[in-house]
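Chemist: Let me give you the structure first, and then I'll get to my questions.
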Amino acid sequence: MAHNQTLMRYLARRGVSRRDFLKFCAVTGSALALPAHKAAVFAQSLAGAPRPAVIWLSGQECTGCSESLLRSYEPTVETLILDHLSLDYHNTLMAPAGEAAEASRDAVLLDATIPYVVVVDGSIPVRDNGFWSAIGGRAALEVANETIAGAALVLAVGNCAAFGGLAAAQPNPSEAWGVEALMQQGQLWSKPLVNVPGCPPNPEVLTGTIAHFLAFGTVPELDQHLRPRAYYGATVHECCSRIHHFEAQRFALTFDDDGARQGYCLALLGCRGMTTRNACSSLKWNAGTSYPMYSGHGCICLLYT
C-alpha cells in the first residue's frame with residue numbers, strides 16, 4: 001500500500017466525489033460538536049491529510065466490534081475510509097495468513113516514515129506470560145506492546161479493550177485487562193489513547209475520532225474515562241425517542257402489553273439508557289435507521305458515568 005498520497009486523492013480514486021466528502025465532513029463535524037470556525041478547517045485539513053497505516057489487533061473478543069464496522073452502509077464514505085484503514089493488518093479480515101500476515105504488520109513497524117494508528121479490539125490477558133491469547137504464535141501482550149511502541153495513536157475499541165469486558169469478569173481466570181489499565185501498570189507503552197467503548201461501539205464513533213485526529217493532529221475532547229465527550233457526553237436516555245413517555249410516567253410493564261405497543265418507556269423492563277453514556281439514540285445504527293428502543297427493546301449496554 002502506498003501511504004504518500006492524501007486521503008482526498010485516495011477517496012477520489014475510489015469514486016468518492018468532493019461533494020460526498022464534504023457531506024461526510026459536515027455530518028462528522030456536527031457529531032463532534034465542532035464550532036463553525038473549525039468546520040471548514042476540519043474539511044480542508046482532512047482532505048490534505050496523509051493516508052495513515054492502521055494495525056488492528058484482536059485479543060480476547062467476540063469479533064462483534066469488527067462485525068459492527070463491516071456493517072457500515074455501502075457506499076458511504078465511512079465505509080471507504082474504514083475499508084482503507086483496515087487494510088494494513090487485521091487479525092480477522094486480512095487475506096494473508098501465517099508468516100505473510102505478520103509480514104504486513106512488520107512492514108509498517110519497520111518503516112519509520114509511515115505514521116500509524118493501532119486499534120485494539122478485545123481485552124489482553126497477562127496470566128501464563130499472556131498466552132491465554134496469542135497472535136502469530138506470540139502472546140498478544142507481547143505483540144501489542146511491540147506494535148504500540150511506535151504508534152501515533154491507540155484506540156481501544158469495545159468494552160473489552162477499553163475496560164476488560166466479559167473476559168475480565170470475576171474470577172478473571174486469564175487475568176485480562178483493558179488497554180488503559182495495562183498502560184498504567186507499565187505492561188504496555190504509554191501512548192495517546194482513546195477509549196471507544198460499546199458492545200459493540202457505533203462505527204461512526206470510530207470514524208469520527210480518527211477523522212479528528214487526521215485533521216487536527218489531536219484527539220477530540222475526552223472525558224475522565226478517555227472517551228470522546230462528543231459521543232459519550234450524554235446518556236442514551238437523554239436523546240431517547242421515548243423520553244416524553246418517561247416524563248409522563250408512562251411505562252411498559254411487559255414487552256407485549258398495550259404500553260409496549262404504544263411505545264411507552266422501557267425503564268421498568270431493564271433499560272439501562274439512564275446510566276449508559278453513548279451515542280446510540282442520536283447517531284443510531286444502520287446508517288441512522290434504528291436503535292434498540294426503536295425496535296421495542298431497552299438499552300442493555302453498561303457504560304456508566
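Letters for chains follow the order of the C-alpha cells (A, B, ...), residue numbers begin at 1 for each chain, and ligand numbers begin at 1 in the order shown.
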Give me the residues within 7 Å of region 290-303 of chain A as a ChimeraX atom specification, counting only C-alpha atoms and dropping any in the same chain fewer than 5 places off.

Modeler: /A:198-199,266,270-273,276-277,280-281,284-285

Chemist: Would you mind exporting C-alpha atoms of the selected residues as a compact mmCIF listing (two decimals), in the first residue's frame?

Modeler:
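Ended up saving to out-v9.txt:
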# COMPACT_ATOMS: atom_id res chain seq x y z
CA GLY A 198 -19.69 -0.18 23.48
CA CYS A 199 -20.72 -3.77 22.88
CA LEU A 266 -38.92 0.64 28.95
CA GLY A 270 -34.45 -3.30 32.50
CA CYS A 271 -33.48 -0.49 30.12
CA ARG A 272 -30.09 0.92 31.14
CA GLY A 273 -30.30 4.02 28.99
CA THR A 276 -25.37 4.48 29.77
CA ARG A 277 -23.37 7.21 28.05
CA CYS A 280 -26.86 5.14 20.11
CA SER A 281 -30.02 7.26 20.35
CA LYS A 284 -28.47 5.41 15.72
CA TRP A 285 -27.40 2.32 13.77

Chemist: Counting only C-alpha atoms, what are the residues of region 167-237 of chain A within 9 Å of region 118-123 of chain A, and for each of them which pair of atoms is the nearest and at what distance in Å, to one decimal? Sort the table by chain and rising number, as a tab-separated table.

Modeler:
residue	atom	partner	partner_atom	distance
A:Ala167	CA	A:Ser123	CA	6.9
A:Ala168	CA	A:Ser123	CA	7.5
A:Ala176	CA	A:Ser123	CA	5.8
A:Trp177	CA	A:Ser123	CA	5.5
A:Gly178	CA	A:Ser123	CA	5.1
A:Val179	CA	A:Ser123	CA	7.2

Chemist: Write the residues of the selection above to a file with all heavy atoms, as a JSON list (two decimals), in the first residue's frame.

Modeler:
[["chain", "number", "residue", "atom", "x", "y", "z"],
["A", 167, "ALA", "N", -14.27, -10.92, 29.55],
["A", 167, "ALA", "CA", -13.13, -11.77, 29.90],
["A", 167, "ALA", "C", -12.52, -11.39, 31.25],
["A", 167, "ALA", "O", -11.93, -12.23, 31.93],
["A", 167, "ALA", "CB", -12.06, -11.69, 28.81],
["A", 168, "ALA", "N", -12.68, -10.12, 31.65],
["A", 168, "ALA", "CA", -12.11, -9.65, 32.91],
["A", 168, "ALA", "C", -13.06, -9.80, 34.10],
["A", 168, "ALA", "O", -12.70, -9.46, 35.22],
["A", 168, "ALA", "CB", -11.68, -8.19, 32.78],
["A", 176, "ALA", "N", -7.25, -10.84, 32.58],
["A", 176, "ALA", "CA", -7.43, -9.95, 31.44],
["A", 176, "ALA", "C", -7.59, -8.50, 31.90],
["A", 176, "ALA", "O", -8.19, -8.23, 32.94],
["A", 176, "ALA", "CB", -8.65, -10.37, 30.63],
["A", 177, "TRP", "N", -7.08, -7.58, 31.09],
["A", 177, "TRP", "CA", -7.17, -6.16, 31.39],
["A", 177, "TRP", "C", -7.50, -5.40, 30.11],
["A", 177, "TRP", "O", -7.26, -5.87, 29.01],
["A", 177, "TRP", "CB", -5.85, -5.62, 31.94],
["A", 177, "TRP", "CG", -5.41, -6.24, 33.23],
["A", 177, "TRP", "CD1", -4.64, -7.36, 33.39],
["A", 177, "TRP", "CD2", -5.70, -5.76, 34.54],
["A", 177, "TRP", "NE1", -4.44, -7.61, 34.73],
["A", 177, "TRP", "CE2", -5.07, -6.65, 35.46],
["A", 177, "TRP", "CE3", -6.42, -4.68, 35.05],
["A", 177, "TRP", "CZ2", -5.16, -6.47, 36.83],
["A", 177, "TRP", "CZ3", -6.50, -4.50, 36.41],
["A", 177, "TRP", "CH2", -5.88, -5.39, 37.29],
["A", 178, "GLY", "N", -8.00, -4.18, 30.30],
["A", 178, "GLY", "CA", -8.14, -3.26, 29.19],
["A", 178, "GLY", "C", -6.83, -2.57, 28.90],
["A", 178, "GLY", "O", -5.87, -2.63, 29.69],
["A", 179, "VAL", "N", -6.76, -1.88, 27.76],
["A", 179, "VAL", "CA", -5.51, -1.24, 27.33],
["A", 179, "VAL", "C", -5.06, -0.17, 28.32],
["A", 179, "VAL", "O", -3.87, -0.09, 28.68],
["A", 179, "VAL", "CB", -5.69, -0.64, 25.93],
["A", 179, "VAL", "CG1", -4.45, 0.16, 25.51],
["A", 179, "VAL", "CG2", -5.98, -1.73, 24.91]]

Chemist: Got a sec: who's within 8 Å of Thr235 (chain A), counting only C-alpha atoms, leaving out chain neighbours fewer than 2 positions off, as a tab-separated table (two decimals) with N, CA, C and O atoms, in the first residue's frame?

Modeler:
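The resulting result.tsv:
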chain	number	residue	atom	x	y	z
A	232	TYR	N	-19.91	10.50	24.01
A	232	TYR	CA	-20.26	9.87	25.27
A	232	TYR	C	-20.63	10.88	26.36
A	232	TYR	O	-20.70	10.54	27.53
A	233	GLY	N	-20.87	12.11	25.96
A	233	GLY	CA	-21.18	13.15	26.94
A	233	GLY	C	-22.61	13.10	27.46
A	233	GLY	O	-22.91	13.62	28.53
A	237	HIS	N	-30.60	7.83	27.40
A	237	HIS	CA	-31.91	8.27	27.87
A	237	HIS	C	-32.22	9.70	27.44
A	237	HIS	O	-33.34	10.01	27.04
A	238	GLU	N	-31.22	10.58	27.50
A	238	GLU	CA	-31.44	12.00	27.22
A	238	GLU	C	-31.91	12.25	25.79
A	238	GLU	O	-32.62	13.22	25.53
A	239	CYS	N	-31.50	11.39	24.86
A	239	CYS	CA	-31.88	11.57	23.46
A	239	CYS	C	-32.87	10.50	22.99
A	239	CYS	O	-33.12	10.37	21.79
A	273	GLY	N	-30.60	2.78	29.69
A	273	GLY	CA	-30.30	4.02	28.99
A	273	GLY	C	-30.05	5.20	29.91
A	273	GLY	O	-29.35	6.15	29.53
A	274	MET	N	-30.61	5.18	31.12
A	274	MET	CA	-30.44	6.32	32.03
A	274	MET	C	-29.03	6.39	32.61
A	274	MET	O	-28.62	7.44	33.09
A	275	THR	N	-28.30	5.29	32.59
A	275	THR	CA	-26.94	5.30	33.13
A	275	THR	C	-25.88	5.00	32.08
A	275	THR	O	-24.69	4.94	32.39
A	276	THR	N	-26.30	4.81	30.84
A	276	THR	CA	-25.37	4.48	29.77
A	276	THR	C	-25.07	5.71	28.94
A	276	THR	O	-25.97	6.32	28.36
A	277	ARG	N	-23.80	6.06	28.86
A	277	ARG	CA	-23.37	7.21	28.05
A	277	ARG	C	-22.89	6.69	26.70
A	277	ARG	O	-21.85	6.04	26.61
A	278	ASN	N	-23.65	6.99	25.68
A	278	ASN	CA	-23.30	6.56	24.33
A	278	ASN	C	-24.15	7.34	23.34
A	278	ASN	O	-25.10	8.02	23.73
A	279	ALA	N	-23.81	7.23	22.06
A	279	ALA	CA	-24.49	8.00	21.01
A	279	ALA	C	-25.52	7.17	20.26
A	279	ALA	O	-25.94	7.57	19.17

Chemist: So which residues touch Gln187 (chain A) within 12 Å, counting only C-alpha atoms, skipping near sequence neighbours fewer than 5 positions away, as an mmCIF file with N, CA, C and O atoms, in the first residue's frame?

Modeler:
data_model
loop_
_atom_site.group_PDB
_atom_site.id
_atom_site.type_symbol
_atom_site.label_atom_id
_atom_site.label_comp_id
_atom_site.auth_asym_id
_atom_site.auth_seq_id
_atom_site.Cartn_x
_atom_site.Cartn_y
_atom_site.Cartn_z
ATOM 1 N N ILE A 124 -6.702 -7.948 26.958
ATOM 2 C CA ILE A 124 -5.400 -8.601 26.813
ATOM 3 C C ILE A 124 -5.057 -9.291 28.125
ATOM 4 O O ILE A 124 -4.980 -8.643 29.173
ATOM 5 N N PRO A 125 -4.848 -10.623 28.094
ATOM 6 C CA PRO A 125 -4.528 -11.346 29.323
ATOM 7 C C PRO A 125 -3.037 -11.296 29.643
ATOM 8 O O PRO A 125 -2.199 -11.162 28.739
ATOM 9 N N VAL A 126 -2.716 -11.440 30.931
ATOM 10 C CA VAL A 126 -1.310 -11.425 31.342
ATOM 11 C C VAL A 126 -0.901 -12.724 32.039
ATOM 12 O O VAL A 126 0.296 -12.958 32.249
ATOM 13 N N ASN A 129 2.273 -15.688 31.192
ATOM 14 C CA ASN A 129 3.037 -14.874 30.237
ATOM 15 C C ASN A 129 2.187 -14.407 29.062
ATOM 16 O O ASN A 129 2.708 -14.151 27.968
ATOM 17 N N GLY A 130 0.889 -14.299 29.298
ATOM 18 C CA GLY A 130 0.000 -13.735 28.293
ATOM 19 C C GLY A 130 -0.498 -14.705 27.250
ATOM 20 O O GLY A 130 -1.218 -14.312 26.324
ATOM 21 N N ALA A 140 -0.388 -12.188 22.900
ATOM 22 C CA ALA A 140 -1.000 -10.942 22.446
ATOM 23 C C ALA A 140 -0.410 -9.743 23.177
ATOM 24 O O ALA A 140 -0.255 -8.662 22.588
ATOM 25 N N LEU A 141 -0.069 -9.904 24.453
ATOM 26 C CA LEU A 141 0.531 -8.805 25.217
ATOM 27 C C LEU A 141 1.857 -8.379 24.604
ATOM 28 O O LEU A 141 2.134 -7.184 24.453
ATOM 29 N N GLU A 142 2.689 -9.340 24.232
ATOM 30 C CA GLU A 142 3.982 -9.040 23.620
ATOM 31 C C GLU A 142 3.809 -8.346 22.277
ATOM 32 O O GLU A 142 4.476 -7.342 21.977
ATOM 33 N N VAL A 143 2.901 -8.875 21.456
ATOM 34 C CA VAL A 143 2.661 -8.289 20.126
ATOM 35 C C VAL A 143 2.103 -6.872 20.260
ATOM 36 O O VAL A 143 2.520 -5.955 19.551
ATOM 37 N N ALA A 144 1.158 -6.690 21.187
ATOM 38 C CA ALA A 144 0.561 -5.369 21.372
ATOM 39 C C ALA A 144 1.600 -4.363 21.846
ATOM 40 O O ALA A 144 1.652 -3.224 21.350
ATOM 41 N N ASN A 145 2.447 -4.745 22.773
ATOM 42 C CA ASN A 145 3.454 -3.813 23.287
ATOM 43 C C ASN A 145 4.440 -3.424 22.190
ATOM 44 O O ASN A 145 4.812 -2.252 22.047
ATOM 45 N N GLU A 146 4.870 -4.392 21.411
ATOM 46 C CA GLU A 146 5.783 -4.117 20.305
ATOM 47 C C GLU A 146 5.149 -3.179 19.284
ATOM 48 O O GLU A 146 5.799 -2.270 18.763
ATOM 49 N N ILE A 148 2.457 -1.070 19.721
ATOM 50 C CA ILE A 148 2.087 0.228 20.272
ATOM 51 C C ILE A 148 3.300 1.131 20.462
ATOM 52 O O ILE A 148 3.175 2.363 20.458
ATOM 53 N N ALA A 149 4.487 0.561 20.565
ATOM 54 C CA ALA A 149 5.698 1.336 20.860
ATOM 55 C C ALA A 149 5.878 2.532 19.930
ATOM 56 O O ALA A 149 6.291 3.611 20.357
ATOM 57 N N TRP A 177 -7.084 -7.584 31.095
ATOM 58 C CA TRP A 177 -7.173 -6.156 31.390
ATOM 59 C C TRP A 177 -7.500 -5.396 30.115
ATOM 60 O O TRP A 177 -7.258 -5.873 29.005
ATOM 61 N N GLY A 178 -7.995 -4.179 30.304
ATOM 62 C CA GLY A 178 -8.144 -3.263 29.188
ATOM 63 C C GLY A 178 -6.830 -2.568 28.899
ATOM 64 O O GLY A 178 -5.872 -2.627 29.690
ATOM 65 N N VAL A 179 -6.756 -1.881 27.756
ATOM 66 C CA VAL A 179 -5.509 -1.239 27.331
ATOM 67 C C VAL A 179 -5.057 -0.166 28.317
ATOM 68 O O VAL A 179 -3.868 -0.090 28.680
ATOM 69 N N GLU A 180 -5.978 0.672 28.766
ATOM 70 C CA GLU A 180 -5.615 1.754 29.680
ATOM 71 C C GLU A 180 -4.982 1.210 30.955
ATOM 72 O O GLU A 180 -3.951 1.726 31.424
ATOM 73 N N ALA A 181 -5.578 0.168 31.533
ATOM 74 C CA ALA A 181 -5.034 -0.409 32.767
ATOM 75 C C ALA A 181 -3.635 -0.963 32.538
ATOM 76 O O ALA A 181 -2.742 -0.806 33.391
ATOM 77 N N LEU A 182 -3.402 -1.599 31.403
ATOM 78 C CA LEU A 182 -2.085 -2.159 31.116
ATOM 79 C C LEU A 182 -1.042 -1.065 30.905
ATOM 80 O O LEU A 182 0.127 -1.232 31.273
#
